[in-house]
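For reference, structure.cif is printed below; it contains mmCIF, C-alpha atoms and all ligand atoms.
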```cif
data_upload
loop_
_atom_site.label_atom_id
_atom_site.label_comp_id
_atom_site.auth_asym_id
_atom_site.auth_seq_id
_atom_site.Cartn_x
_atom_site.Cartn_y
_atom_site.Cartn_z
CA MET A 1 71.64 37.08 126.35
CA ARG A 2 73.10 34.91 129.11
CA GLU A 3 72.97 36.44 132.64
CA LEU A 4 76.36 37.61 133.91
CA THR A 5 76.01 35.83 137.22
CA SER A 6 78.40 32.93 136.81
CA PRO A 7 82.19 32.80 136.53
CA SER A 8 81.97 31.23 133.09
CA ALA A 9 79.61 33.91 131.69
CA VAL A 10 81.82 36.70 133.07
CA ARG A 11 85.00 35.14 131.66
CA GLU A 12 83.33 34.52 128.33
CA ILE A 13 82.23 38.13 127.77
CA ILE A 14 85.63 39.45 128.89
CA ARG A 15 87.38 37.07 126.48
CA ALA A 16 85.00 37.78 123.59
CA HIS A 17 85.78 41.50 123.80
CA GLY A 18 89.49 41.12 124.55
CA PHE A 19 88.86 43.22 127.67
CA LYS A 20 91.68 43.78 130.18
CA VAL A 21 90.49 44.04 133.79
CA ARG A 22 91.94 47.14 135.45
CA LYS A 23 92.40 46.62 139.18
CA ALA A 24 93.48 50.26 139.50
CA LEU A 25 89.92 51.24 138.53
CA GLY A 26 88.46 49.01 141.24
CA GLN A 27 87.16 46.50 138.73
CA ASN A 28 85.80 43.54 140.68
CA PHE A 29 82.76 42.22 138.86
CA LEU A 30 79.93 40.80 140.92
CA MET A 31 78.74 37.40 139.69
CA ASP A 32 76.30 36.23 142.34
CA ALA A 33 72.57 36.41 141.58
CA ASN A 34 71.59 36.16 145.27
CA ILE A 35 73.65 39.18 146.29
CA ILE A 36 72.29 41.16 143.35
CA GLU A 37 68.78 40.21 144.48
CA LYS A 38 69.49 41.39 148.06
CA ILE A 39 70.73 44.72 146.70
CA ILE A 40 67.62 45.15 144.53
CA GLN A 41 65.20 44.21 147.33
CA SER A 42 66.73 46.66 149.78
CA ALA A 43 66.50 49.52 147.25
CA HIS A 44 62.65 49.16 147.07
CA LEU A 45 62.46 50.03 143.37
CA THR A 46 59.34 50.73 141.37
CA ASP A 47 58.81 51.36 137.67
CA ARG A 48 58.47 55.09 138.43
CA ASP A 49 61.99 55.30 139.88
CA LEU A 50 65.08 56.90 138.44
CA VAL A 51 68.18 55.05 139.62
CA PHE A 52 71.80 56.02 139.16
CA GLU A 53 74.49 53.39 139.07
CA ILE A 54 78.17 54.21 139.49
CA GLY A 55 80.43 51.85 137.55
CA PRO A 56 78.16 49.40 135.68
CA GLY A 57 81.19 47.33 134.69
CA LEU A 58 79.95 44.47 132.51
CA GLY A 59 76.31 45.31 133.30
CA ALA A 60 75.25 42.46 135.64
CA LEU A 61 73.65 44.74 138.25
CA THR A 62 72.51 47.26 135.61
CA ARG A 63 70.41 44.61 133.84
CA ARG A 64 68.68 43.68 137.08
CA LEU A 65 68.14 47.36 137.98
CA ALA A 66 66.58 47.99 134.56
CA ARG A 67 64.05 45.22 135.21
CA SER A 68 62.77 46.91 138.38
CA ALA A 69 63.27 50.66 137.86
CA GLY A 70 61.76 53.10 135.37
CA THR A 71 65.08 54.53 134.20
CA VAL A 72 68.67 53.60 134.98
CA ILE A 73 71.54 55.98 134.33
CA ALA A 74 74.88 54.22 134.69
CA ILE A 75 78.09 56.25 134.83
CA GLU A 76 81.19 54.35 133.71
CA LEU A 77 84.73 55.74 133.58
CA ASP A 78 86.43 52.96 131.60
CA VAL A 79 85.86 53.60 127.90
CA ASN A 80 86.77 49.97 127.12
CA LEU A 81 83.62 48.79 128.90
CA LEU A 82 81.29 50.81 126.67
CA PRO A 83 81.11 48.29 123.79
CA ILE A 84 80.48 45.47 126.29
CA LEU A 85 77.67 47.45 127.93
CA GLN A 86 76.18 48.17 124.53
CA GLU A 87 75.86 44.44 124.07
CA THR A 88 74.78 43.44 127.60
CA LEU A 89 72.20 46.24 127.89
CA ALA A 90 70.85 45.92 124.35
CA ASP A 91 67.52 44.49 125.64
CA PHE A 92 67.03 47.38 128.06
CA PRO A 93 66.17 50.69 126.37
CA ASN A 94 65.50 52.20 129.84
CA ALA A 95 69.19 51.77 130.81
CA ARG A 96 71.48 54.54 129.61
CA VAL A 97 75.23 54.59 129.96
CA VAL A 98 77.06 57.87 130.46
CA HIS A 99 80.83 57.91 130.06
CA GLY A 100 82.52 59.90 132.82
CA ASP A 101 83.98 60.20 136.29
CA ALA A 102 81.28 59.86 138.96
CA LEU A 103 83.30 62.09 141.31
CA LYS A 104 82.71 64.99 138.94
CA VAL A 105 79.05 64.36 138.18
CA ASP A 106 76.38 66.84 139.19
CA PHE A 107 73.66 64.21 139.77
CA ASP A 108 70.78 66.70 139.94
CA ARG A 109 71.82 68.24 136.65
CA LEU A 110 72.23 64.88 134.93
CA ALA A 111 68.86 63.73 136.34
CA ARG A 112 67.18 66.87 134.99
CA GLU A 113 68.82 66.53 131.58
CA GLN A 114 67.97 62.85 131.23
CA THR A 115 64.35 63.12 132.38
CA GLY A 116 63.30 66.48 130.96
CA GLY A 117 63.19 67.97 134.47
CA ALA A 118 60.98 65.29 136.06
CA PHE A 119 63.79 64.39 138.52
CA GLY A 120 66.46 66.60 140.07
CA GLN A 121 66.56 69.61 142.36
CA GLN A 122 63.02 70.86 141.72
CA GLY A 123 61.75 67.48 140.56
CA LYS A 124 61.30 64.08 142.16
CA ARG A 125 63.87 62.33 144.32
CA TYR A 126 65.97 59.54 142.86
CA LYS A 127 68.01 56.59 144.11
CA LEU A 128 71.54 55.33 143.69
CA VAL A 129 72.56 51.69 143.65
CA ALA A 130 76.15 50.63 143.04
CA ASN A 131 78.93 48.18 143.60
CA LEU A 132 81.40 51.00 144.14
CA PRO A 133 84.99 51.10 142.92
CA TYR A 134 86.77 50.83 146.28
CA TYR A 135 89.65 53.18 145.52
CA ILE A 136 87.19 56.10 145.72
CA THR A 137 84.65 54.90 148.34
CA THR A 138 85.17 57.77 150.80
CA PRO A 139 85.34 60.67 148.30
CA ILE A 140 82.36 59.36 146.32
CA LEU A 141 80.23 58.95 149.48
CA MET A 142 81.22 62.46 150.61
CA HIS A 143 80.35 63.82 147.15
CA LEU A 144 76.95 62.07 147.19
CA LEU A 145 76.11 63.15 150.74
CA THR A 146 77.39 66.72 150.82
CA GLY A 147 76.65 67.62 147.18
CA GLY A 148 73.11 68.72 148.05
CA PHE A 149 71.63 66.22 145.57
CA ASN A 150 67.99 65.21 145.64
CA LEU A 151 68.86 61.61 146.52
CA GLU A 152 66.37 59.62 148.54
CA ARG A 153 68.27 56.39 149.16
CA LEU A 154 71.64 54.81 148.42
CA VAL A 155 72.36 51.10 148.40
CA VAL A 156 76.06 50.50 147.96
CA MET A 157 78.56 47.66 148.10
CA ILE A 158 81.68 48.86 149.89
CA GLN A 159 84.63 47.44 151.81
CA LYS A 160 83.47 45.81 155.06
CA GLU A 161 85.95 47.96 156.98
CA VAL A 162 84.41 51.17 155.57
CA ALA A 163 80.89 49.86 156.30
CA ASP A 164 81.93 49.53 159.96
CA ARG A 165 83.06 53.17 159.93
CA LEU A 166 79.67 54.38 158.68
CA GLN A 167 77.85 53.02 161.71
CA ALA A 168 80.58 53.70 164.28
CA SER A 169 79.90 55.44 167.60
CA PRO A 170 82.13 58.11 169.21
CA GLY A 171 85.28 56.92 170.94
CA GLY A 172 86.09 53.89 168.80
CA LYS A 173 88.82 53.56 166.19
CA ASP A 174 86.27 53.40 163.36
CA TYR A 175 84.62 56.74 164.19
CA GLY A 176 85.72 59.56 161.85
CA SER A 177 84.45 62.41 159.67
CA LEU A 178 82.84 59.89 157.30
CA SER A 179 80.80 58.47 160.22
CA VAL A 180 79.67 61.96 161.18
CA ALA A 181 78.69 62.91 157.60
CA VAL A 182 76.81 59.65 157.00
CA GLN A 183 74.96 59.80 160.32
CA TYR A 184 74.16 63.51 159.89
CA TYR A 185 72.57 63.05 156.46
CA THR A 186 71.30 59.47 156.55
CA VAL A 187 70.26 56.45 158.56
CA PRO A 188 72.79 53.69 157.72
CA GLU A 189 71.79 50.00 157.81
CA MET A 190 73.75 46.86 157.08
CA VAL A 191 72.07 44.81 154.33
CA ALA A 192 74.52 41.94 153.82
CA ARG A 193 78.08 40.86 154.40
CA VAL A 194 79.69 39.71 151.19
CA PRO A 195 82.66 37.33 150.81
CA LYS A 196 85.49 38.00 148.33
CA THR A 197 84.63 34.88 146.38
CA VAL A 198 81.57 36.34 144.60
CA PHE A 199 83.68 38.78 142.56
CA TYR A 200 85.85 38.36 139.50
CA PRO A 201 88.65 39.02 140.13
CA ALA A 202 88.37 38.62 143.92
CA PRO A 203 89.22 41.84 145.81
CA ASP A 204 91.74 41.84 148.69
CA VAL A 205 89.11 42.63 151.33
CA ASP A 206 85.66 41.47 152.41
CA SER A 207 82.70 43.61 151.44
CA ALA A 208 79.30 44.66 152.71
CA VAL A 209 76.13 46.06 151.21
CA ILE A 210 74.75 49.01 153.14
CA ARG A 211 71.65 51.11 152.74
CA LEU A 212 71.71 54.82 153.48
CA THR A 213 68.28 56.42 153.78
CA ARG A 214 68.29 60.18 153.62
CA ARG A 215 66.95 61.87 156.75
CA GLU A 216 64.18 64.42 156.25
CA VAL A 217 65.62 66.46 159.10
CA PRO A 218 69.20 66.21 160.41
CA PRO A 219 69.52 64.74 163.93
CA VAL A 220 71.23 67.91 165.20
CA LYS A 221 70.68 71.61 164.45
CA VAL A 222 73.63 73.40 162.90
CA THR A 223 73.72 77.06 161.88
CA SER A 224 76.09 76.44 158.99
CA GLU A 225 76.62 72.96 157.53
CA GLU A 226 79.76 74.16 155.82
CA LEU A 227 81.31 75.33 159.07
CA PHE A 228 80.08 72.23 160.92
CA PHE A 229 81.96 69.96 158.51
CA LYS A 230 85.04 72.20 158.60
CA VAL A 231 85.11 71.83 162.39
CA VAL A 232 84.54 68.05 162.15
CA ARG A 233 87.38 67.65 159.63
CA ALA A 234 89.63 69.84 161.78
CA ALA A 235 88.87 67.79 164.91
CA PHE A 236 89.76 64.52 163.14
CA GLY A 237 92.72 66.10 161.36
CA GLN A 238 95.36 64.73 163.70
CA ARG A 239 94.04 61.72 165.53
CA ARG A 240 96.66 61.37 168.24
CA LYS A 241 96.45 65.03 169.25
CA THR A 242 94.11 66.73 171.69
CA LEU A 243 91.03 68.44 170.34
CA LEU A 244 92.59 71.84 171.07
CA ASN A 245 95.77 71.03 169.12
CA SER A 246 93.87 69.52 166.18
CA LEU A 247 91.56 72.52 165.93
CA THR A 248 94.47 74.96 166.22
CA GLY A 249 96.46 72.99 163.63
CA SER A 250 93.61 73.34 161.13
CA GLY A 251 94.22 77.07 160.79
CA LEU A 252 90.50 77.91 161.14
CA ALA A 253 91.27 80.10 164.18
CA ASP A 254 94.11 80.68 166.64
CA ARG A 255 94.67 78.79 169.91
CA GLU A 256 93.26 81.57 172.10
CA THR A 257 90.02 81.67 170.13
CA TRP A 258 89.63 77.88 170.29
CA LEU A 259 90.27 77.89 174.04
CA GLU A 260 87.49 80.44 174.48
CA VAL A 261 85.11 78.66 172.09
CA LEU A 262 85.70 75.29 173.80
CA ALA A 263 85.16 76.87 177.24
CA GLU A 264 81.92 78.46 176.08
CA ALA A 265 80.77 75.19 174.53
CA GLY A 266 81.64 73.35 177.75
CA ILE A 267 83.97 70.90 175.98
CA GLU A 268 87.22 69.86 177.61
CA PRO A 269 90.15 70.97 175.31
CA ALA A 270 92.25 67.94 176.28
CA ARG A 271 89.73 65.47 174.85
CA ARG A 272 90.41 63.76 171.51
CA GLY A 273 88.31 64.79 168.54
CA GLU A 274 87.10 61.24 168.01
CA THR A 275 85.28 61.22 171.37
CA LEU A 276 82.83 63.97 170.38
CA SER A 277 79.24 63.03 169.59
CA LEU A 278 77.25 64.59 166.73
CA GLN A 279 75.51 66.79 169.32
CA GLU A 280 78.83 68.02 170.71
CA PHE A 281 80.23 68.73 167.23
CA ALA A 282 77.07 70.68 166.38
CA HIS A 283 77.26 72.68 169.61
CA LEU A 284 80.95 73.42 169.10
CA ALA A 285 80.40 74.51 165.48
CA ASN A 286 77.43 76.71 166.44
CA VAL A 287 79.39 78.48 169.19
CA PHE A 288 82.30 78.93 166.76
CA HIS A 289 79.91 80.27 164.11
CA LEU A 290 78.62 82.96 166.50
CA ARG A 291 82.21 83.88 167.25
CA VAL A 292 83.40 84.26 163.65
CA HIS A 293 80.28 85.86 162.16
N1 LIG B 1 78.70 47.16 138.67
C1 LIG B 1 79.65 46.17 138.24
C2 LIG B 1 79.45 44.90 139.01
O1 LIG B 1 78.82 44.95 140.07
O2 LIG B 1 79.94 43.86 138.58
C3 LIG B 1 81.10 46.66 138.37
C4 LIG B 1 81.53 47.13 139.73
S1 LIG B 1 83.25 47.41 139.87
C5 LIG B 1 83.48 47.13 141.61
C6 LIG B 1 83.44 49.19 139.79
C7 LIG B 1 83.19 49.84 138.43
O3 LIG B 1 83.38 51.26 138.56
C8 LIG B 1 84.11 49.42 137.31
O4 LIG B 1 83.36 49.15 136.17
C9 LIG B 1 85.02 50.63 137.07
O5 LIG B 1 85.51 50.75 135.75
C10 LIG B 1 84.09 51.76 137.43
N2 LIG B 1 84.74 53.02 137.86
C11 LIG B 1 85.94 53.18 138.44
N3 LIG B 1 86.16 54.47 138.73
C12 LIG B 1 85.05 55.14 138.33
C13 LIG B 1 84.67 56.53 138.38
N4 LIG B 1 85.49 57.44 138.90
N5 LIG B 1 83.48 56.88 137.85
C14 LIG B 1 82.64 55.93 137.33
N6 LIG B 1 82.94 54.62 137.27
C15 LIG B 1 84.14 54.23 137.76
#
```

Go ahead and render the structure in this file as structure tokens.
Ligand code: SAM
Amino acid sequence: MRELTSPSAVREIIRAHGFKVRKALGQNFLMDANIIEKIIQSAHLTDRDLVFEIGPGLGALTRRLARSAGTVIAIELDVNLLPILQETLADFPNARVVHGDALKVDFDRLAREQTGGAFGQQGKRYKLVANLPYYITTPILMHLLTGGFNLERLVVMIQKEVADRLQASPGGKDYGSLSVAVQYYTVPEMVARVPKTVFYPAPDVDSAVIRLTRREVPPVKVTSEELFFKVVRAAFGQRRKTLLNSLTGSGLADRETWLEVLAEAGIEPARRGETLSLQEFAHLANVFHLRVH
């Protein structure tokens, strides 16, 4: 089987199967062996690893993952790609394709089912490597981070502009609830910047590969993670408003309560939500938690 890392090989397999590329499903197939190699190296895979892939597409990255990992479970939504994957992954019995929507997948459960309980909640930690479909980057990252899954590391290709948001500091335009969630659960690192030209078809934006390594202990102490993220979402709810107005607008509590909570937390109500650090969000949420429980 010819590697899928050249424009001619990609076009050939698409033509042979009469496949229609669906841009609405974020189908931009990676065809650059060097970028694939960078992704694999930064994931630090061994033959004892279980790796999930979201959206295997034609199977270019999946094939390379299967060479380095013990087991690969690739979740693909587009049913029309399944016969192609059957062909491109035929030499790799350790790569399994599951048809479904990654946003709805319980990764721990699937890991348990596929490995007889060796991986998953009570079992070993697993990894996730993917060239993500960009129309769902934020919801899929939130699902992976806040789903309580036993994930050790994620290496993902995403839009460059979203990659900037993951590492953003308070006060800037890129800082938002995604930055807070990523920095609370993981240590984000930039692996590579990727030009549009290495994809077929080329996407509209530049991309980046980032690595998110799960923290053993969060950088701030929160009494309730659920409430912490509710407060964070509320604070970023209306970006041009003051913190007090955003929090009040969220409906979590009335204006009077928020004024008291902010006073007790020592946070100026006229500030904007996007200026708060992780520490300040944690403090605010903990004071609010005491108040409502
Ligand atoms: N991994 C391949 C590569 O690097 O060439 C394809 C990556 S392409 C950017 C994204 C893939 O995700 C496509 O194959 C698309 O069909 C699939 N996809 C889109 N939405 C999905 C979803 N909700 N769940 C799982 N896969 C999805």

Checklist entry - Residues at most 12 Å from A:Pro133, counting only C-alpha atoms, excluding those fewer than 6 positions away in the same chain, as an MDAnalysis selection string? => result chainID A and resid 22:30 53:57 75:78 101:103 139:141 156:159 203 207

Checklist entry - Interatomic distance between atom CA of A:Thr5 and atom CA of A:Tyr135? => result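 Atom-to-atom, atom CA of A:Thr5 and atom CA of A:Tyr135 are spaced 23.6 Å apart.
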
Next on the checklist: Would you compute the distance between atom CA of A:Phe19 and atom CA of A:Arg96? Give it in Å to one decimal.
Outcome noted: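 Separation of atom CA of A:Phe19 and atom CA of A:Arg96: 20.8 Å.
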
Next on the checklist: Would you compute the distance between atom CA of A:His17 and atom CA of A:Val79? Give it in Å to one decimal.
Outcome noted: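 These two atoms are separated by 12.8 Å.
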
Could you tell me, as an mmCIF file with C-alpha atoms, keeping the file's coordinate frame, which residues have any atom at most 6 Å from (62.7, 50.2, 140.6), counting only C-alpha atoms?
```
data_model
loop_
_atom_site.group_PDB
_atom_site.id
_atom_site.type_symbol
_atom_site.label_atom_id
_atom_site.label_comp_id
_atom_site.auth_asym_id
_atom_site.auth_seq_id
_atom_site.Cartn_x
_atom_site.Cartn_y
_atom_site.Cartn_z
ATOM 1 C CA LEU A 45 62.460 50.030 143.370
ATOM 2 C CA THR A 46 59.340 50.730 141.370
ATOM 3 C CA ASP A 47 58.810 51.360 137.670
ATOM 4 C CA ASP A 49 61.990 55.300 139.880
ATOM 5 C CA SER A 68 62.770 46.910 138.380
ATOM 6 C CA ALA A 69 63.270 50.660 137.860
#
```

Checklist entry - Between A:Thr257, A:Ser250, A:Ser277, A:Asn131, which one has atoms that come closest to A:Ala208, using all atoms listed in the file? => result A:Asn131

Next on the checklist: Set the distance at 10 Å and use only C-alpha atoms: which residues neighbour A:Arg112 once local chain neighbours fewer than 4 positions away are removed? I'd like the list as a PyMOL selection string.
Outcome noted: chain A and resi 107-108+116-124

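Within the 9 Å cut-off around A:Leu151, using all atoms listed in the file and omitting residues fewer than 2 positions from it on the same chain, the listed residues are Phe107, Asp108, Gly120, Arg125, Tyr126, Lys127, Leu128, Leu144, Leu145, Gly148, Phe149, Arg153, Leu154, Thr213 and Arg214 of chain A.
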
Checklist entry - Taking all atoms listed in the file into account, which of A:Ser6, A:Leu132, A:Val72, A:Ala43 comes nearest ligand LIG 1 (chain B)? => result A:Leu132

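The smallest atom-to-atom distance between A:Asp106 and any of A:Glu226, A:Leu212, A:Phe92, A:His143, using all atoms listed in the file, is found for A:His143.
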
Item to check | Sel. within 9 Å of pt (68.8, 44.1, 149.2), counting only C-alpha atoms, output as a PyMOL selection string | outcome: chain A and resi 35-44+155+191-192+209-211

Save the residues we just selected, C-alpha atoms, as a PDB file, keeping the file's coordinate frame?
```pdb
ATOM      1  CA  ILE A  35      73.650  39.180 146.290  1.00  0.00           C
ATOM      2  CA  ILE A  36      72.290  41.160 143.350  1.00  0.00           C
ATOM      3  CA  GLU A  37      68.780  40.210 144.480  1.00  0.00           C
ATOM      4  CA  LYS A  38      69.490  41.390 148.060  1.00  0.00           C
ATOM      5  CA  ILE A  39      70.730  44.720 146.700  1.00  0.00           C
ATOM      6  CA  ILE A  40      67.620  45.150 144.530  1.00  0.00           C
ATOM      7  CA  GLN A  41      65.200  44.210 147.330  1.00  0.00           C
ATOM      8  CA  SER A  42      66.730  46.660 149.780  1.00  0.00           C
ATOM      9  CA  ALA A  43      66.500  49.520 147.250  1.00  0.00           C
ATOM     10  CA  HIS A  44      62.650  49.160 147.070  1.00  0.00           C
ATOM     11  CA  VAL A 155      72.360  51.100 148.400  1.00  0.00           C
ATOM     12  CA  VAL A 191      72.070  44.810 154.330  1.00  0.00           C
ATOM     13  CA  ALA A 192      74.520  41.940 153.820  1.00  0.00           C
ATOM     14  CA  VAL A 209      76.130  46.060 151.210  1.00  0.00           C
ATOM     15  CA  ILE A 210      74.750  49.010 153.140  1.00  0.00           C
ATOM     16  CA  ARG A 211      71.650  51.110 152.740  1.00  0.00           C
TER      17      ARG A 211
END
```

Checklist entry - Hey, which of A:Arg2, A:Lys196, A:Arg109, A:Lys241 ends up closest to ligand LIG 1 (chain B)? Count all atoms listed in the file. => result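 Selected residue with least distance to ligand LIG 1 (chain B): A:Lys196.
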
Next on the checklist: When you count all atoms listed in the file, which of these residues is closest to ligand LIG 1 (chain B): A:Arg67, A:Arg271, A:His99, A:Arg15?
Outcome noted: A:His99

Item to check | Which residue of A:Ala253, A:Leu166, A:Ile267, A:Val129 approaches ligand LIG 1 (chain B) most closely, using all atoms listed in the file | outcome: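 Of A:Ala253, A:Leu166, A:Ile267, A:Val129, the one nearest ligand LIG 1 (chain B), counting all atoms listed in the file, is A:Val129.
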
Checklist entry - What's the 8 Å shell around A:Ala95, counting only C-alpha atoms, without same-chain residues fewer than 3 positions away, as a VMD selection string? => result chain A and resid 62 to 63 66 71 to 74 89 92
